[in-house]
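Asker: Got a structure here, written out as structure tokens. Questions coming.
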Amino acid sequence: MAAGVNRKISASAARSHTRKGKQNTSFQLPRGMFKKILVVFFMGLLAWAYQATQPPPPKICGSPDGPPVTATRIKLKDGRHLAYKEHGVTKDVAKYKIVFVHGFDSCRHDTVVAATLSPDVVEGLGVYIVSFDRPGYGESDPNPKRTVKSLALDIEELADQLGLGAKFYIVGFSMGGQLIWTCLKYIPHRLAGATLIAPAVNYWWFGLPANLSKEAYSQNLPQDQWTLRIAHYAPWLTYWWNTQNWFPAFSIIAHSPAILSRQDLELLPRISLRKAHEAQVRQQGEFESIHRDLMIGFGPWEFDPMDLKNPFLNNEGSVHIWHGDEDRVVPVMLQRYIAQRLPWIHYHEVPGAGHMFPYADGMGDAIINALLIGNNSLP
């Protein structure tokens with residue numbers, strides 16, 4: 001019978017054998033694979049970020065997936081439709097014809113001067129007012145090519161198609177008031193007079209002193225400062241910023257009472273009447289309405305309103321700014337500077353008034369009387 005071989009293995013040899021076994025069974029990425037994984041991850045992150053910044057296409061009124069057309073509209077030369085609403089006496093008997101420009105997150109139904117104007121003024125003076133949905137709002141087609149200048153040209157074409165005559169008056173509220181500057185720049189020959197009610201101010205206009213602009217800008221809530229900063233410096237992030245849930249939303253979009261003055265809060269019951277048409281304001285999508293408003297209103301402008309000259313050298317018309325001294329949306333210090341810089345503007349500062357002061361009793365009459373017949377008395 002053969003004898004077995006008795007082999008002894010040292011402890012160190014056993015440990016070495018165990019290590020080799022473990023090394024042989026461990027997983028190793030092929031050379032260069034980790035860098036490829038990082039590249040793929042980074043590209044995926046970029047793709048997600050790109051998708052997050054891209055707004056959905058607008059739901060155009062009258063299209064198969066869009067809201068129905070219920071408003072009276074005109075067709076502009078470029079094929080877009082502009083919805084409008086008429087107020088006051090009829091055009092054929094009107095002595096004064098006014099185009100009203102609504103503000104941010106509003107539509108043609110938000111015609112504050114028409115809503116608060118007394119029958120005595122409407123019929124006594126013969127006042128006709130037409131309001132319209134700015135591009136992307138209500139039932140007006142979006143304008144992806146919209147510029148600072150384009151709205152003034154839309155207004156001119158609206159006036160021509162409605163037969164308002166060689167000259168007409170223009171009135172705008174809040175961001176609509178800011179856009180009156182574009183009419184004074186690009187279609188001054190068509191204006192009989194203009195009124196800017198609590199007009200928004202672009203903090204980056206070159207004509208504003210840097211220290212004053214910075215001080216006024218700092219009075220905004222932090223989330224509002226960020227929203228305006230992004231609209232100016234990184235407009236391609238505007239959609240993402242205003243739809244994300246990580247940081248507080250723009251106060252006006254969120255309808256936050258934090259930006260309302262004492263008088264604004266008192267006027268809320270009157271302002272709340274707009275709930276009947278509120279759903280129409282953004283019905284075609286937020287990007288081509290409120291987001292594009294921010295990008296145009298607070299982005300780089302093609303001109304500086306501080307450089308404008310008086311369009312009525314022979315006093316055949318006048319330009320007015322109305323502002324509340326307790327406005328928490330647009331700091332009053334900016335309007336005071338503009339009125340000082342442009343002395344041909346008739347400046348009306350309303351004591352104790354906030355941003356929504358046009359809804360107060362008698363303000364509609366006061367604003368229209370000052371524009372049309374030069375009566376500057378406050379209610």
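Chain labels A, B, ... are given in the sequence in which chains occur in the structure tokens; within each chain residues are numbered consecutively from 1, and ligands are likewise numbered from 1 in the order shown.
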Residues of region 187-274 of chain A that have any atom at most 9 Å from an atom of region 356-370 of chain A: could you tabulate them with the shortest-distance atom pair and the distance in Å to one decimal, using only C-alpha atoms, ordered by chain and increasing number, as CSV?

Answerer:
```
residue,atom,partner,partner_atom,distance
A:Thr195,CA,A:Ile367,CA,8.0
A:Ile197,CA,A:Pro358,CA,7.9
A:Ala198,CA,A:Met356,CA,8.3
A:Leu260,CA,A:Met356,CA,8.5
A:Ser261,CA,A:Met356,CA,8.8
A:Gln263,CA,A:Phe357,CA,7.4
A:Asp264,CA,A:Met356,CA,5.6
A:Leu267,CA,A:Tyr359,CA,6.9
A:Leu268,CA,A:Met356,CA,8.9
A:Arg270,CA,A:Tyr359,CA,7.2
A:Ile271,CA,A:Tyr359,CA,7.5
```

Asker: With C-alpha atoms kept, could you save the residues just selected as a compact mmCIF listing (two decimals), in the first residue's frame?

Answerer:
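File written: selection-v4.txt
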```txt
# COMPACT_ATOMS: atom_id res chain seq x y z
CA THR A 195 -50.11 108.58 -19.47
CA ILE A 197 -49.64 104.84 -14.39
CA ALA A 198 -47.25 103.34 -11.79
CA LEU A 260 -49.01 95.19 -1.13
CA SER A 261 -49.24 98.52 0.66
CA GLN A 263 -54.05 101.02 0.53
CA ASP A 264 -53.52 98.05 -1.81
CA LEU A 267 -58.55 97.83 -2.46
CA LEU A 268 -58.30 94.03 -2.71
CA ARG A 270 -62.27 95.60 -5.97
CA ILE A 271 -59.27 93.92 -7.52
```

Asker: List as a ChimeraX atom specification the protein and nucleic acid residues near Leu228 (chain A), meaning an atom at most 12 Å away when only C-alpha atoms are counted, but skip any in the same chain fewer than 4 places from it.

Answerer: /A:200-204,217-218,220-224,232-235,237-238,241-242,249-252,291-300

Asker: Could you please take those selected residues and save N, CA and C atoms as a compact mmCIF listing (two decimals), in the first residue's frame?

Answerer:
```
# COMPACT_ATOMS: atom_id res chain seq x y z
N ALA A 200 -43.56 100.33 -14.47
CA ALA A 200 -42.38 99.57 -14.07
C ALA A 200 -41.14 100.26 -14.60
N VAL A 201 -40.03 100.09 -13.89
CA VAL A 201 -38.77 100.70 -14.29
C VAL A 201 -37.71 99.61 -14.41
N ASN A 202 -36.98 99.63 -15.50
CA ASN A 202 -35.87 98.69 -15.69
C ASN A 202 -34.67 99.23 -14.92
N TYR A 203 -34.22 98.48 -13.91
CA TYR A 203 -33.14 98.95 -13.05
C TYR A 203 -31.81 99.07 -13.78
N TRP A 204 -31.74 98.53 -15.01
CA TRP A 204 -30.49 98.55 -15.77
C TRP A 204 -30.49 99.60 -16.87
N TYR A 217 -33.50 98.89 -6.18
CA TYR A 217 -33.50 97.44 -6.42
C TYR A 217 -33.47 96.67 -5.11
N SER A 218 -32.72 97.16 -4.14
CA SER A 218 -32.59 96.47 -2.85
C SER A 218 -33.89 96.49 -2.05
N ASN A 220 -36.70 95.53 -3.20
CA ASN A 220 -37.47 94.36 -3.60
C ASN A 220 -37.19 93.21 -2.64
N LEU A 221 -38.15 92.29 -2.52
CA LEU A 221 -37.93 91.09 -1.74
C LEU A 221 -36.80 90.28 -2.37
N PRO A 222 -36.04 89.51 -1.58
CA PRO A 222 -34.90 88.75 -2.14
C PRO A 222 -35.27 87.88 -3.33
N GLN A 223 -36.41 87.17 -3.25
CA GLN A 223 -36.79 86.31 -4.38
C GLN A 223 -37.10 87.11 -5.63
N ASP A 224 -37.61 88.33 -5.43
CA ASP A 224 -37.90 89.18 -6.59
C ASP A 224 -36.62 89.74 -7.19
N HIS A 232 -32.60 89.51 -16.55
CA HIS A 232 -31.67 90.43 -17.21
C HIS A 232 -30.40 89.72 -17.68
N TYR A 233 -29.78 88.96 -16.80
CA TYR A 233 -28.46 88.39 -17.11
C TYR A 233 -28.52 86.99 -17.73
N ALA A 234 -29.55 86.22 -17.42
CA ALA A 234 -29.65 84.84 -17.92
C ALA A 234 -31.08 84.54 -18.34
N PRO A 235 -31.59 85.24 -19.37
CA PRO A 235 -32.99 85.06 -19.76
C PRO A 235 -33.35 83.62 -20.13
N LEU A 237 -32.74 81.13 -18.52
CA LEU A 237 -33.12 80.42 -17.30
C LEU A 237 -34.46 80.89 -16.73
N THR A 238 -35.09 81.85 -17.40
CA THR A 238 -36.31 82.45 -16.86
C THR A 238 -37.41 81.42 -16.65
N TRP A 241 -36.47 79.07 -13.69
CA TRP A 241 -36.49 79.74 -12.39
C TRP A 241 -37.93 79.96 -11.91
N ASN A 242 -38.81 80.29 -12.80
CA ASN A 242 -40.17 80.61 -12.41
C ASN A 242 -41.10 79.41 -12.35
N ALA A 249 -41.03 81.83 -5.17
CA ALA A 249 -41.42 82.35 -6.47
C ALA A 249 -41.47 83.87 -6.48
N PHE A 250 -41.47 84.43 -7.68
CA PHE A 250 -41.63 85.87 -7.88
C PHE A 250 -42.95 86.29 -7.23
N SER A 251 -42.90 87.31 -6.40
CA SER A 251 -44.05 87.67 -5.57
C SER A 251 -45.31 87.98 -6.38
N ILE A 252 -45.13 88.65 -7.50
CA ILE A 252 -46.29 89.03 -8.30
C ILE A 252 -46.92 87.81 -8.95
N HIS A 291 -43.48 85.21 -18.55
CA HIS A 291 -42.01 85.05 -18.57
C HIS A 291 -41.37 85.95 -19.62
N ARG A 292 -41.98 86.01 -20.80
CA ARG A 292 -41.40 86.88 -21.82
C ARG A 292 -41.53 88.35 -21.42
N ASP A 293 -42.59 88.67 -20.68
CA ASP A 293 -42.73 90.03 -20.15
C ASP A 293 -41.52 90.41 -19.31
N LEU A 294 -41.09 89.49 -18.45
CA LEU A 294 -39.93 89.76 -17.59
C LEU A 294 -38.66 89.93 -18.41
N MET A 295 -38.49 89.08 -19.42
CA MET A 295 -37.27 89.15 -20.23
C MET A 295 -37.20 90.44 -21.04
N ILE A 296 -38.35 90.89 -21.55
CA ILE A 296 -38.38 92.13 -22.33
C ILE A 296 -38.30 93.35 -21.41
N GLY A 297 -39.09 93.34 -20.36
CA GLY A 297 -39.15 94.51 -19.48
C GLY A 297 -37.87 94.79 -18.72
N PHE A 298 -37.13 93.72 -18.35
CA PHE A 298 -35.93 93.90 -17.53
C PHE A 298 -34.66 93.43 -18.23
N GLY A 299 -34.77 93.11 -19.51
CA GLY A 299 -33.59 92.77 -20.28
C GLY A 299 -32.95 94.03 -20.85
N PRO A 300 -31.94 93.89 -21.69
CA PRO A 300 -31.31 95.06 -22.32
C PRO A 300 -32.31 95.75 -23.27
```

Asker: Using DSSP secondary structure from the backbone, list all alpha helix (DSSP H) positions within region 233-278 of chain A, as a PDB file with all heavy atoms, in the first residue's frame.

Answerer:
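Just written: states_15.pdb:
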```pdb
ATOM      1  N   TYR A 233     -29.775  88.958 -16.799  1.00  0.00           N
ATOM      2  CA  TYR A 233     -28.462  88.386 -17.108  1.00  0.00           C
ATOM      3  C   TYR A 233     -28.525  86.992 -17.732  1.00  0.00           C
ATOM      4  O   TYR A 233     -27.607  86.607 -18.460  1.00  0.00           O
ATOM      5  CB  TYR A 233     -27.609  88.326 -15.838  1.00  0.00           C
ATOM      6  CG  TYR A 233     -27.198  89.674 -15.315  1.00  0.00           C
ATOM      7  CD1 TYR A 233     -27.747  90.172 -14.137  1.00  0.00           C
ATOM      8  CD2 TYR A 233     -26.272  90.469 -15.991  1.00  0.00           C
ATOM      9  CE1 TYR A 233     -27.384  91.411 -13.634  1.00  0.00           C
ATOM     10  CE2 TYR A 233     -25.905  91.713 -15.504  1.00  0.00           C
ATOM     11  CZ  TYR A 233     -26.458  92.173 -14.323  1.00  0.00           C
ATOM     12  OH  TYR A 233     -26.094  93.412 -13.838  1.00  0.00           O
ATOM     13  N   THR A 238     -35.089  81.850 -17.398  1.00  0.00           N
ATOM     14  CA  THR A 238     -36.307  82.448 -16.856  1.00  0.00           C
ATOM     15  C   THR A 238     -37.412  81.424 -16.654  1.00  0.00           C
ATOM     16  O   THR A 238     -38.078  81.413 -15.613  1.00  0.00           O
ATOM     17  CB  THR A 238     -36.801  83.584 -17.768  1.00  0.00           C
ATOM     18  OG1 THR A 238     -35.798  84.592 -17.828  1.00  0.00           O
ATOM     19  CG2 THR A 238     -38.081  84.196 -17.233  1.00  0.00           C
ATOM     20  N   TYR A 239     -37.642  80.562 -17.640  1.00  0.00           N
ATOM     21  CA  TYR A 239     -38.709  79.556 -17.501  1.00  0.00           C
ATOM     22  C   TYR A 239     -38.417  78.622 -16.324  1.00  0.00           C
ATOM     23  O   TYR A 239     -39.294  78.365 -15.490  1.00  0.00           O
ATOM     24  CB  TYR A 239     -38.850  78.751 -18.790  1.00  0.00           C
ATOM     25  CG  TYR A 239     -39.763  77.557 -18.628  1.00  0.00           C
ATOM     26  CD1 TYR A 239     -41.142  77.721 -18.563  1.00  0.00           C
ATOM     27  CD2 TYR A 239     -39.247  76.266 -18.513  1.00  0.00           C
ATOM     28  CE1 TYR A 239     -41.985  76.636 -18.382  1.00  0.00           C
ATOM     29  CE2 TYR A 239     -40.076  75.169 -18.346  1.00  0.00           C
ATOM     30  CZ  TYR A 239     -41.443  75.357 -18.281  1.00  0.00           C
ATOM     31  OH  TYR A 239     -42.267  74.278 -18.097  1.00  0.00           O
ATOM     32  N   TRP A 240     -37.178  78.114 -16.262  1.00  0.00           N
ATOM     33  CA  TRP A 240     -36.849  77.180 -15.178  1.00  0.00           C
ATOM     34  C   TRP A 240     -37.001  77.849 -13.811  1.00  0.00           C
ATOM     35  O   TRP A 240     -37.596  77.277 -12.896  1.00  0.00           O
ATOM     36  CB  TRP A 240     -35.415  76.664 -15.340  1.00  0.00           C
ATOM     37  CG  TRP A 240     -34.970  75.858 -14.161  1.00  0.00           C
ATOM     38  CD1 TRP A 240     -35.255  74.549 -13.900  1.00  0.00           C
ATOM     39  CD2 TRP A 240     -34.188  76.325 -13.043  1.00  0.00           C
ATOM     40  NE1 TRP A 240     -34.707  74.174 -12.692  1.00  0.00           N
ATOM     41  CE2 TRP A 240     -34.048  75.236 -12.145  1.00  0.00           C
ATOM     42  CE3 TRP A 240     -33.608  77.544 -12.723  1.00  0.00           C
ATOM     43  CZ2 TRP A 240     -33.334  75.345 -10.955  1.00  0.00           C
ATOM     44  CZ3 TRP A 240     -32.899  77.655 -11.536  1.00  0.00           C
ATOM     45  CH2 TRP A 240     -32.772  76.578 -10.672  1.00  0.00           C
ATOM     46  N   TRP A 241     -36.470  79.067 -13.693  1.00  0.00           N
ATOM     47  CA  TRP A 241     -36.495  79.738 -12.392  1.00  0.00           C
ATOM     48  C   TRP A 241     -37.928  79.957 -11.906  1.00  0.00           C
ATOM     49  O   TRP A 241     -38.218  79.797 -10.719  1.00  0.00           O
ATOM     50  CB  TRP A 241     -35.759  81.066 -12.474  1.00  0.00           C
ATOM     51  CG  TRP A 241     -35.800  81.834 -11.176  1.00  0.00           C
ATOM     52  CD1 TRP A 241     -36.636  82.848 -10.849  1.00  0.00           C
ATOM     53  CD2 TRP A 241     -34.993  81.585 -10.017  1.00  0.00           C
ATOM     54  NE1 TRP A 241     -36.398  83.281  -9.563  1.00  0.00           N
ATOM     55  CE2 TRP A 241     -35.398  82.520  -9.024  1.00  0.00           C
ATOM     56  CE3 TRP A 241     -33.977  80.691  -9.723  1.00  0.00           C
ATOM     57  CZ2 TRP A 241     -34.807  82.552  -7.767  1.00  0.00           C
ATOM     58  CZ3 TRP A 241     -33.387  80.736  -8.467  1.00  0.00           C
ATOM     59  CH2 TRP A 241     -33.803  81.663  -7.509  1.00  0.00           C
ATOM     60  N   ARG A 262     -50.655  99.358   2.420  1.00  0.00           N
ATOM     61  CA  ARG A 262     -51.885  99.432   3.218  1.00  0.00           C
ATOM     62  C   ARG A 262     -53.082  99.714   2.319  1.00  0.00           C
ATOM     63  O   ARG A 262     -54.123  99.060   2.416  1.00  0.00           O
ATOM     64  CB  ARG A 262     -51.738 100.536   4.273  1.00  0.00           C
ATOM     65  CG  ARG A 262     -53.008 100.814   5.075  1.00  0.00           C
ATOM     66  CD  ARG A 262     -52.838 102.067   5.920  1.00  0.00           C
ATOM     67  NE  ARG A 262     -52.415 103.215   5.115  1.00  0.00           N
ATOM     68  CZ  ARG A 262     -53.253 103.940   4.367  1.00  0.00           C
ATOM     69  NH1 ARG A 262     -54.541 103.642   4.314  1.00  0.00           N
ATOM     70  NH2 ARG A 262     -52.795 104.974   3.680  1.00  0.00           N
ATOM     71  N   GLN A 263     -52.933 100.698   1.414  1.00  0.00           N
ATOM     72  CA  GLN A 263     -54.054 101.018   0.529  1.00  0.00           C
ATOM     73  C   GLN A 263     -54.361  99.862  -0.429  1.00  0.00           C
ATOM     74  O   GLN A 263     -55.529  99.574  -0.710  1.00  0.00           O
ATOM     75  CB  GLN A 263     -53.750 102.277  -0.281  1.00  0.00           C
ATOM     76  CG  GLN A 263     -54.952 102.749  -1.111  1.00  0.00           C
ATOM     77  CD  GLN A 263     -54.557 103.653  -2.268  1.00  0.00           C
ATOM     78  OE1 GLN A 263     -53.692 103.324  -3.067  1.00  0.00           O
ATOM     79  NE2 GLN A 263     -55.208 104.808  -2.355  1.00  0.00           N
ATOM     80  N   ASP A 264     -53.304  99.192  -0.921  1.00  0.00           N
ATOM     81  CA  ASP A 264     -53.522  98.046  -1.814  1.00  0.00           C
ATOM     82  C   ASP A 264     -54.386  96.992  -1.139  1.00  0.00           C
ATOM     83  O   ASP A 264     -55.292  96.421  -1.752  1.00  0.00           O
ATOM     84  CB  ASP A 264     -52.181  97.426  -2.223  1.00  0.00           C
ATOM     85  CG  ASP A 264     -51.371  98.328  -3.140  1.00  0.00           C
ATOM     86  OD1 ASP A 264     -51.976  99.199  -3.803  1.00  0.00           O
ATOM     87  OD2 ASP A 264     -50.142  98.163  -3.181  1.00  0.00           O
ATOM     88  N   LEU A 265     -54.107  96.718   0.126  1.00  0.00           N
ATOM     89  CA  LEU A 265     -54.887  95.712   0.862  1.00  0.00           C
ATOM     90  C   LEU A 265     -56.339  96.146   0.997  1.00  0.00           C
ATOM     91  O   LEU A 265     -57.255  95.315   0.925  1.00  0.00           O
ATOM     92  CB  LEU A 265     -54.260  95.476   2.239  1.00  0.00           C
ATOM     93  CG  LEU A 265     -52.877  94.804   2.229  1.00  0.00           C
ATOM     94  CD1 LEU A 265     -52.268  94.816   3.629  1.00  0.00           C
ATOM     95  CD2 LEU A 265     -52.988  93.366   1.715  1.00  0.00           C
ATOM     96  N   GLU A 266     -56.558  97.439   1.192  1.00  0.00           N
ATOM     97  CA  GLU A 266     -57.927  97.938   1.297  1.00  0.00           C
ATOM     98  C   GLU A 266     -58.673  97.818  -0.029  1.00  0.00           C
ATOM     99  O   GLU A 266     -59.901  97.652  -0.051  1.00  0.00           O
ATOM    100  CB  GLU A 266     -57.909  99.405   1.749  1.00  0.00           C
ATOM    101  CG  GLU A 266     -57.382  99.611   3.170  1.00  0.00           C
ATOM    102  CD  GLU A 266     -57.208 101.081   3.519  1.00  0.00           C
ATOM    103  OE1 GLU A 266     -57.382 101.936   2.601  1.00  0.00           O
ATOM    104  OE2 GLU A 266     -56.889 101.392   4.685  1.00  0.00           O
ATOM    105  N   LEU A 267     -57.937  97.894  -1.140  1.00  0.00           N
ATOM    106  CA  LEU A 267     -58.554  97.834  -2.461  1.00  0.00           C
ATOM    107  C   LEU A 267     -58.722  96.407  -2.983  1.00  0.00           C
ATOM    108  O   LEU A 267     -59.314  96.214  -4.061  1.00  0.00           O
ATOM    109  CB  LEU A 267     -57.719  98.637  -3.464  1.00  0.00           C
ATOM    110  CG  LEU A 267     -57.679 100.151  -3.254  1.00  0.00           C
ATOM    111  CD1 LEU A 267     -56.655 100.789  -4.186  1.00  0.00           C
ATOM    112  CD2 LEU A 267     -59.058 100.777  -3.486  1.00  0.00           C
ATOM    113  N   LEU A 268     -58.241  95.419  -2.246  1.00  0.00           N
ATOM    114  CA  LEU A 268     -58.301  94.030  -2.712  1.00  0.00           C
ATOM    115  C   LEU A 268     -59.702  93.578  -3.112  1.00  0.00           C
ATOM    116  O   LEU A 268     -59.856  92.862  -4.116  1.00  0.00           O
ATOM    117  CB  LEU A 268     -57.728  93.084  -1.647  1.00  0.00           C
ATOM    118  CG  LEU A 268     -56.215  92.879  -1.668  1.00  0.00           C
ATOM    119  CD1 LEU A 268     -55.791  91.906  -0.576  1.00  0.00           C
ATOM    120  CD2 LEU A 268     -55.759  92.371  -3.031  1.00  0.00           C
ATOM    121  N   PRO A 269     -60.758  93.935  -2.357  1.00  0.00           N
ATOM    122  CA  PRO A 269     -62.103  93.498  -2.792  1.00  0.00           C
ATOM    123  C   PRO A 269     -62.448  93.949  -4.206  1.00  0.00           C
ATOM    124  O   PRO A 269     -63.118  93.229  -4.950  1.00  0.00           O
ATOM    125  CB  PRO A 269     -63.028  94.142  -1.750  1.00  0.00           C
ATOM    126  CG  PRO A 269     -62.177  94.276  -0.528  1.00  0.00           C
ATOM    127  CD  PRO A 269     -60.812  94.618  -1.053  1.00  0.00           C
ATOM    128  N   ARG A 270     -61.999  95.128  -4.615  1.00  0.00           N
ATOM    129  CA  ARG A 270     -62.274  95.597  -5.971  1.00  0.00           C
ATOM    130  C   ARG A 270     -61.417  94.852  -6.990  1.00  0.00           C
ATOM    131  O   ARG A 270     -61.886  94.508  -8.078  1.00  0.00           O
ATOM    132  CB  ARG A 270     -62.011  97.099  -6.071  1.00  0.00           C
ATOM    133  CG  ARG A 270     -62.845  97.925  -5.100  1.00  0.00           C
ATOM    134  CD  ARG A 270     -62.611  99.414  -5.292  1.00  0.00           C
ATOM    135  NE  ARG A 270     -63.283 100.186  -4.249  1.00  0.00           N
ATOM    136  CZ  ARG A 270     -63.369 101.504  -4.235  1.00  0.00           C
ATOM    137  NH1 ARG A 270     -62.825 102.206  -5.221  1.00  0.00           N
ATOM    138  NH2 ARG A 270     -63.989 102.131  -3.255  1.00  0.00           N
ATOM    139  N   ILE A 271     -60.169  94.611  -6.606  1.00  0.00           N
ATOM    140  CA  ILE A 271     -59.267  93.918  -7.521  1.00  0.00           C
ATOM    141  C   ILE A 271     -59.694  92.467  -7.705  1.00  0.00           C
ATOM    142  O   ILE A 271     -59.522  91.878  -8.776  1.00  0.00           O
ATOM    143  CB  ILE A 271     -57.820  93.993  -6.985  1.00  0.00           C
ATOM    144  CG1 ILE A 271     -57.391  95.454  -6.838  1.00  0.00           C
ATOM    145  CG2 ILE A 271     -56.854  93.254  -7.900  1.00  0.00           C
ATOM    146  CD1 ILE A 271     -56.089  95.642  -6.090  1.00  0.00           C
ATOM    147  N   GLU A 278     -59.654  85.622 -14.707  1.00  0.00           N
ATOM    148  CA  GLU A 278     -58.254  85.357 -14.377  1.00  0.00           C
ATOM    149  C   GLU A 278     -57.696  84.153 -15.126  1.00  0.00           C
ATOM    150  O   GLU A 278     -56.519  84.133 -15.523  1.00  0.00           O
ATOM    151  CB  GLU A 278     -58.122  85.141 -12.862  1.00  0.00           C
ATOM    152  CG  GLU A 278     -56.719  85.280 -12.341  1.00  0.00           C
ATOM    153  CD  GLU A 278     -56.684  85.304 -10.820  1.00  0.00           C
ATOM    154  OE1 GLU A 278     -57.439  84.553 -10.194  1.00  0.00           O
ATOM    155  OE2 GLU A 278     -55.902  86.091 -10.265  1.00  0.00           O
TER     156      GLU A 278
END
```

Asker: I'd like the neighbourhood of region 78-82 of chain A as number ranges by chain, where a residue qualifies if any of its atoms comes within 12 Å (using only C-alpha atoms), though same-chain residues fewer than 4 positions away should be ignored.

Answerer: A: 60-62, 69, 71-74, 107-108, 130-146, 150-151, 153-155, 157-159, 161-162

Asker: Could the residues in this selection be saved with C-alpha atoms as a CSV table (one decimal), in the first residue's frame?

Answerer:
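Result file result-v4.csv:
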```csv
chain,number,residue,atom,x,y,z
A,60,ILE,CA,-52.5,79.0,-29.3
A,61,CYS,CA,-56.2,80.1,-29.2
A,62,GLY,CA,-58.1,78.5,-32.0
A,69,VAL,CA,-61.5,82.1,-29.6
A,71,ALA,CA,-62.8,87.7,-28.4
A,72,THR,CA,-63.0,90.2,-31.3
A,73,ARG,CA,-59.6,90.1,-33.0
A,74,ILE,CA,-57.6,91.7,-35.8
A,107,CYS,CA,-55.4,91.0,-20.1
A,108,ARG,CA,-57.8,93.1,-22.1
A,130,VAL,CA,-59.9,100.1,-26.6
A,131,SER,CA,-57.9,97.6,-24.5
A,132,PHE,CA,-56.1,94.6,-26.1
A,133,ASP,CA,-54.3,91.5,-25.0
A,134,ARG,CA,-50.6,91.9,-25.3
A,135,PRO,CA,-48.9,89.1,-27.3
A,136,GLY,CA,-49.2,85.8,-25.5
A,137,TYR,CA,-51.8,87.0,-23.1
A,138,GLY,CA,-55.5,86.2,-23.2
A,139,GLU,CA,-56.5,85.5,-26.8
A,140,SER,CA,-53.7,87.3,-28.6
A,141,ASP,CA,-51.2,85.1,-30.4
A,142,PRO,CA,-47.7,84.8,-28.9
A,143,ASN,CA,-44.8,86.7,-30.5
A,144,PRO,CA,-41.6,84.6,-30.1
A,145,LYS,CA,-39.8,87.4,-31.9
A,146,ARG,CA,-41.1,90.1,-29.6
A,150,SER,CA,-42.6,95.4,-31.6
A,151,LEU,CA,-45.4,96.3,-29.2
A,153,LEU,CA,-45.8,98.8,-33.9
A,154,ASP,CA,-48.6,96.4,-32.8
A,155,ILE,CA,-50.4,99.3,-31.2
A,157,GLU,CA,-51.5,98.7,-36.5
A,158,LEU,CA,-54.3,98.1,-34.1
A,159,ALA,CA,-55.2,101.9,-34.2
A,161,GLN,CA,-57.3,98.8,-38.4
A,162,LEU,CA,-59.8,100.2,-35.9
```

Asker: Would you kindly return, as a list in words, each protein, DNA or RNA residue with an atom no farther than 12 Å from any atom of Ile373 (chain A), considering only C-alpha atoms and excluding same-chain residues fewer than 2 positions away?

Answerer: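 Here the answer would be Lys95, Tyr96, Val121, Gly124, Leu125, Val127, Ala192, Gly193, Glu316, Gly317, Ser318, Asp365, Ala366, Ile367, Ile368, Asn369, Ala370, Leu371, Asn375, Asn376 and Ser377 of chain A.
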
Asker: Identify which of the residues A:Ser174, A:Ser213, A:Ser63, A:Gln54 lies closest to Thr111 (chain A), counting only C-alpha atoms when measuring atom-to-atom distances.

Answerer: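 Once distances to Thr111 (chain A) are computed over only C-alpha atoms, the minimum belongs to A:Ser174.
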
Asker: Using only C-alpha atoms, find the one residue out of A:Phe100, A:Trp181, A:Phe168, A:Phe173 that sits nearest to Ala152 (chain A).

Answerer: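 Among the listed residues, the smallest separation from Ala152 (chain A) belongs to A:Trp181.
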
Asker: Write down as number ranges by chain the residues of region 59-235 of chain A whose backbone DSSP state falls under strand (DSSP E or B).

Answerer: A: 72-75, 81-88, 96-101, 127-132, 168-173, 191-197

Asker: Return the single residue from A:Trp301, A:Trp322, A:Phe312, A:Tyr84 that is closest to Trp344 (chain A), with distances computed using only C-alpha atoms.

Answerer: A:Phe312

Asker: Just to confirm, what's the straight-line distance from CA of Pro188 (chain A) to CA of Leu313 (chain A) in Å (one decimal)?

Answerer: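 About the pair CA of Pro188 (chain A) and CA of Leu313 (chain A): they are 11.6 Å apart.
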
Asker: Taking into account only C-alpha atoms, which residue in the set A:Gln280, A:Pro56, A:Gln219, A:Ser289 is nearest to Val332 (chain A)?

Answerer: A:Gln219

Asker: Excluding Ser106 (chain A) and residues on its chain fewer than 4 positions from it, collect all residues at most 7 Å away from it, counting only C-alpha atoms, and give them as a PyMOL selection string.

Answerer: chain A and resi 102+110+281

Asker: Could you jot down the CA of Gly66 (chain A) to CA of Ala83 (chain A) separation for me, Å, one decimal place?

Answerer: 15.2 Å

Asker: Tell me, as a PyMOL selection string, which residues lie within 8 Å of Glu349 (chain A), counting only C-alpha atoms; anything in the same chain fewer than 4 positions away does not count.

Answerer: chain A and resi 322-325

Asker: For the selection you just gave me, I'd like the residues written to a file as a compact mmCIF listing (two decimals), in the first residue's frame, keeping all heavy atoms.

Answerer:
```
# COMPACT_ATOMS: atom_id res chain seq x y z
N TRP A 322 -48.18 109.00 -13.21
CA TRP A 322 -48.89 108.95 -11.93
C TRP A 322 -48.27 107.85 -11.09
O TRP A 322 -48.05 106.73 -11.57
CB TRP A 322 -50.37 108.66 -12.16
CG TRP A 322 -51.14 109.78 -12.77
CD1 TRP A 322 -51.15 110.16 -14.09
CD2 TRP A 322 -52.05 110.67 -12.10
NE1 TRP A 322 -51.97 111.23 -14.28
CE2 TRP A 322 -52.56 111.56 -13.08
CE3 TRP A 322 -52.48 110.81 -10.78
CZ2 TRP A 322 -53.47 112.57 -12.77
CZ3 TRP A 322 -53.39 111.80 -10.48
CH2 TRP A 322 -53.89 112.67 -11.45
N HIS A 323 -47.99 108.18 -9.81
CA HIS A 323 -47.36 107.17 -8.95
C HIS A 323 -47.75 107.39 -7.49
O HIS A 323 -47.89 108.55 -7.05
CB HIS A 323 -45.84 107.22 -9.09
CG HIS A 323 -45.18 105.89 -8.86
ND1 HIS A 323 -45.04 104.96 -9.86
CD2 HIS A 323 -44.65 105.32 -7.75
CE1 HIS A 323 -44.42 103.89 -9.38
NE2 HIS A 323 -44.19 104.09 -8.10
N GLY A 324 -47.91 106.30 -6.76
CA GLY A 324 -48.21 106.38 -5.34
C GLY A 324 -46.93 106.45 -4.52
O GLY A 324 -45.96 105.76 -4.82
N ASP A 325 -46.93 107.26 -3.49
CA ASP A 325 -45.70 107.42 -2.70
C ASP A 325 -45.46 106.25 -1.75
O ASP A 325 -44.42 106.19 -1.08
CB ASP A 325 -45.69 108.74 -1.94
CG ASP A 325 -46.74 108.82 -0.85
OD1 ASP A 325 -47.60 107.91 -0.75
OD2 ASP A 325 -46.72 109.80 -0.06
```
